[in-house]
Each structure stands twice: as structure tokens, then as C-alpha cells.
Amino acid sequence: MRNRQEDSIKFIKEELIAEMVHDRCFCEAGSREFVELESVCVEPLQKLEISTVCEFYQVDAIIRFSGEEKNFSLIVKLLPVVPQHENAYELFQNEELFYSKISMKYDIEISPRCYLSDMGRYGRPAIVLENLEARGYQRVYGKLDNDLLELCLKRIGKFHARGLRLKTEKFNLFREFFAKFLETLFTDQNSLIFSRKHSRVLEYLKSLPESDPARKHDPVNKSQDYEENQ
């Protein structure tokens with residue numbers, strides 16, 4: 001475990017971030033500034049139950065733009081060189097596809113900026129995201145209270161509603177994305193993680209008032225109405 005982390009930290013510090021700077025991944029569109037890497041600090045993220053699927057690292061990089069320093073707080077996700085999870089490659093590639101192709105079609109208000117989502121050009125499959133803690137968000141390791149749980153469910157519902165809208169209004173594009181997703185299996189590892197989290201969500205959903213029977217089985221209309229009312 002320790003050697004794996006050390007190798008990944010070395011890869012991030014000496015290869016990944018430097019190549020991203022060279023490829024101007026941190027520059028705004030149309031920028032002509034001279035860009036160079038000043039420093040990189042990498043630490044493994046702890047307390048993540050899904051660490052068997054991919055490796056998570058917190059990165060603080062200082063980059064110079066025409067001599068002016070700018071700090072970037074990042075989350076780097078790497079596919080392990082030797083995956084421990086049965087579906088690790090498929091799960092990672094599906095997420096890479098989402099960030100590289102699909103997310104721009106969803107117009108999500110609260111989401112981390114993606115600086116890189118790639119399966120091989122940089123030596124290892126990697127996803128590099130903005131660390132939302134820099135915007136004031138906090139990671140939650142314990143149980144959510146009901147207010148936060150409700151907020152999360154609404155956001156998840158809105159996210160899936162936009163997928164249904166894409167399917168309805170731009171079916172050819174939806175079909176193209178769907179065809180590129182790799183099939184994943186619901187393994188014992190998935191089941192263990194899911195079972196720890198779903199019971200409170202189900203309890204909350206059961207406590208909600210019944211939907212209008214005329215609309216109960218029409219998810220496309222519900223999703224469109226939900227977005228129009230936001």
C-alpha cells in the first residue's frame with residue numbers, strides 16, 4: 001500500500017501536473033500567457049470507502065502565469081496500476097467519459113471544474129478536478145442530517161432529470177453516449193458500500209407525500225417539470 005502511494009505521489013509531482021502545465025490545461029481559453037510550474041504538494045486523501053476502486057490525492061500546485069503566481073487546489077483520481085476492484089477499469093472509464101464528454105451537456109450549477117479526464121495520454125488513467133473545499137465546501141464523513149440529506153436528494157434528482165431531458169430532446173446524442181459506457185457488475189464490494197448508505201435514503205423517500213397518480217409513472221414529464229420549476 002505504501003509503495004503504491006509513493007509511486008503515485010511521485011507520478012503526480014514529477015509527471016502528471018508538469019505535463020498538464022505544458023499542455024496548458026490550467027489556462028483559460030484563448031490565453032497566450034507564458035505558463036510554468038512553480039511547485040507541487042501531494043497528499044493521499046484519507047477515510048474514503050471507495051479507495052479500492054481508485055486512488056485519491058489532494059494536490060496544491062503553484063503555477064506562474066507570465067510571472068504571476070496562482071494557487072490551484074486539486075483532487076486527483078488515479079486508476080491503480082494493479083486494480084483491486086473487479087470493475088475498477090470499467091467504472092473509471094465511465095467516469096472519465098462523463099467528465100470529458102457528457103458533463104458539458106448537463107449544465108450543472110454545482111460541480112468541480114475538470115482540468116483533465118484521460119485514460120492514457122499522461123501515462124496513467126487520471127481525472128483532475130477542482131477541490132471544492134477551496135470554495136468553502138466541506139467533506140462529510142459521518143451521517144447527514146435530514147436537511148442535508150434532502151438537499152442531496154434534490155440535487156441527485158435534478159442531475160438525473162437532465163439526463164432524461166437529454167434523452168428526450170437529443171436522443172441521438174444520448175444514444176452515442178450510452179453506447180460508449182462500459183457494463184459494470186454489482187459486486188459484493190458494491191453491495192457492501194451501498195447497503196451502508198441506502199437505508200436512510202429509503203426511509204426519507206418513504207416519508208414524502210405520494211406523487212400525483214397521473215404523473216407517478218411518467219419520469220420524463222416529471223423531470224422536465226422539475227427543471228422548469230427551479
# chains A, B, ... in the order shown; residues from 1 in each chain; ligands from 1

call {"tool": "residues_around", "arguments": {"residues": "Val35 in chain A", "least_positions_apart": "5", "cutoff": "7 Å", "atoms": "only C-alpha atoms", "output": "PyMOL selection string"}}
result
chain A and resi 64-66

call {"tool": "residues_around", "arguments": {"residues": "Ala18 in chain A", "least_positions_apart": "5", "cutoff": "12 Å", "atoms": "only C-alpha atoms", "output": "list in words"}}
result
Lys10, Phe11, Ile12, Lys13, Asp23, Arg24, Cys25, Phe26, Val35, Glu36, Leu37, Glu38, Ser39, Val40, Ala61, Ile62, Ile63 and Tyr122 of chain A

call {"tool": "closest_residue", "arguments": {"among": "A:Leu45, A:Val59, A:Leu97, A:Ala29", "to": "Phe177 in chain A", "atoms": "only C-alpha atoms"}}
result
A:Leu97

call {"tool": "select_by_dssp", "arguments": {"residues": "range 21-82 of chain A", "states": "strand (DSSP E or B)", "output": "VMD selection string"}}
result
chain A and resid 35 to 44 55 to 65 68 to 78

call {"tool": "residues_around", "arguments": {"residues": "Asp118 in chain A", "least_positions_apart": "4", "cutoff": "10 Å", "atoms": "only C-alpha atoms", "output": "PDB file with N, CA and C atoms, in the first residue's frame"}}
result
ATOM      1  N   PHE A  92     -13.927   3.425 -13.846  1.00  0.00           N
ATOM      2  CA  PHE A  92     -13.090   4.606 -14.072  1.00  0.00           C
ATOM      3  C   PHE A  92     -13.304   5.153 -15.479  1.00  0.00           C
ATOM      4  N   GLN A  93     -13.381   4.287 -16.468  1.00  0.00           N
ATOM      5  CA  GLN A  93     -13.569   4.773 -17.834  1.00  0.00           C
ATOM      6  C   GLN A  93     -14.932   5.434 -18.006  1.00  0.00           C
ATOM      7  N   GLU A  95     -16.500   7.099 -15.695  1.00  0.00           N
ATOM      8  CA  GLU A  95     -16.379   8.419 -15.083  1.00  0.00           C
ATOM      9  C   GLU A  95     -15.556   9.350 -15.971  1.00  0.00           C
ATOM     10  N   GLU A  96     -14.506   8.816 -16.571  1.00  0.00           N
ATOM     11  CA  GLU A  96     -13.695   9.619 -17.499  1.00  0.00           C
ATOM     12  C   GLU A  96     -14.549  10.119 -18.658  1.00  0.00           C
ATOM     13  N   LEU A  97     -15.414   9.255 -19.181  1.00  0.00           N
ATOM     14  CA  LEU A  97     -16.306   9.648 -20.269  1.00  0.00           C
ATOM     15  C   LEU A  97     -17.254  10.751 -19.818  1.00  0.00           C
ATOM     16  N   TYR A  99     -16.804  13.098 -17.492  1.00  0.00           N
ATOM     17  CA  TYR A  99     -16.147  14.397 -17.359  1.00  0.00           C
ATOM     18  C   TYR A  99     -15.627  14.927 -18.691  1.00  0.00           C
ATOM     19  N   SER A 100     -15.171  14.043 -19.570  1.00  0.00           N
ATOM     20  CA  SER A 100     -14.577  14.516 -20.820  1.00  0.00           C
ATOM     21  C   SER A 100     -15.607  14.840 -21.893  1.00  0.00           C
ATOM     22  N   TYR A 122      -1.343  10.576 -20.420  1.00  0.00           N
ATOM     23  CA  TYR A 122      -0.421  11.104 -19.419  1.00  0.00           C
ATOM     24  C   TYR A 122       0.277   9.999 -18.634  1.00  0.00           C
ATOM     25  N   GLY A 123       0.252   8.798 -19.155  1.00  0.00           N
ATOM     26  CA  GLY A 123       0.968   7.698 -18.519  1.00  0.00           C
ATOM     27  C   GLY A 123       0.088   6.766 -17.717  1.00  0.00           C
ATOM     28  N   ARG A 124      -0.942   7.318 -17.073  1.00  0.00           N
ATOM     29  CA  ARG A 124      -1.903   6.520 -16.313  1.00  0.00           C
ATOM     30  C   ARG A 124      -3.283   7.140 -16.457  1.00  0.00           C
ATOM     31  N   PRO A 125      -4.343   6.348 -16.375  1.00  0.00           N
ATOM     32  CA  PRO A 125      -5.682   6.933 -16.369  1.00  0.00           C
ATOM     33  C   PRO A 125      -5.831   7.889 -15.187  1.00  0.00           C
ATOM     34  N   ALA A 126      -6.261   9.120 -15.481  1.00  0.00           N
ATOM     35  CA  ALA A 126      -6.307  10.143 -14.435  1.00  0.00           C
ATOM     36  C   ALA A 126      -7.466  11.100 -14.663  1.00  0.00           C
ATOM     37  N   ILE A 127      -8.037  11.561 -13.555  1.00  0.00           N
ATOM     38  CA  ILE A 127      -9.046  12.619 -13.558  1.00  0.00           C
ATOM     39  C   ILE A 127      -8.582  13.669 -12.560  1.00  0.00           C
ATOM     40  N   VAL A 128      -8.494  14.911 -13.004  1.00  0.00           N
ATOM     41  CA  VAL A 128      -8.024  16.000 -12.145  1.00  0.00           C
ATOM     42  C   VAL A 128      -9.134  17.036 -12.038  1.00  0.00           C
TER      43      VAL A 128
END

call {"tool": "closest_residue", "arguments": {"among": "A:Val53, A:Ala161, A:Val82, A:Cys27", "to": "Arg4 in chain A", "atoms": "only C-alpha atoms"}}
result
A:Val82
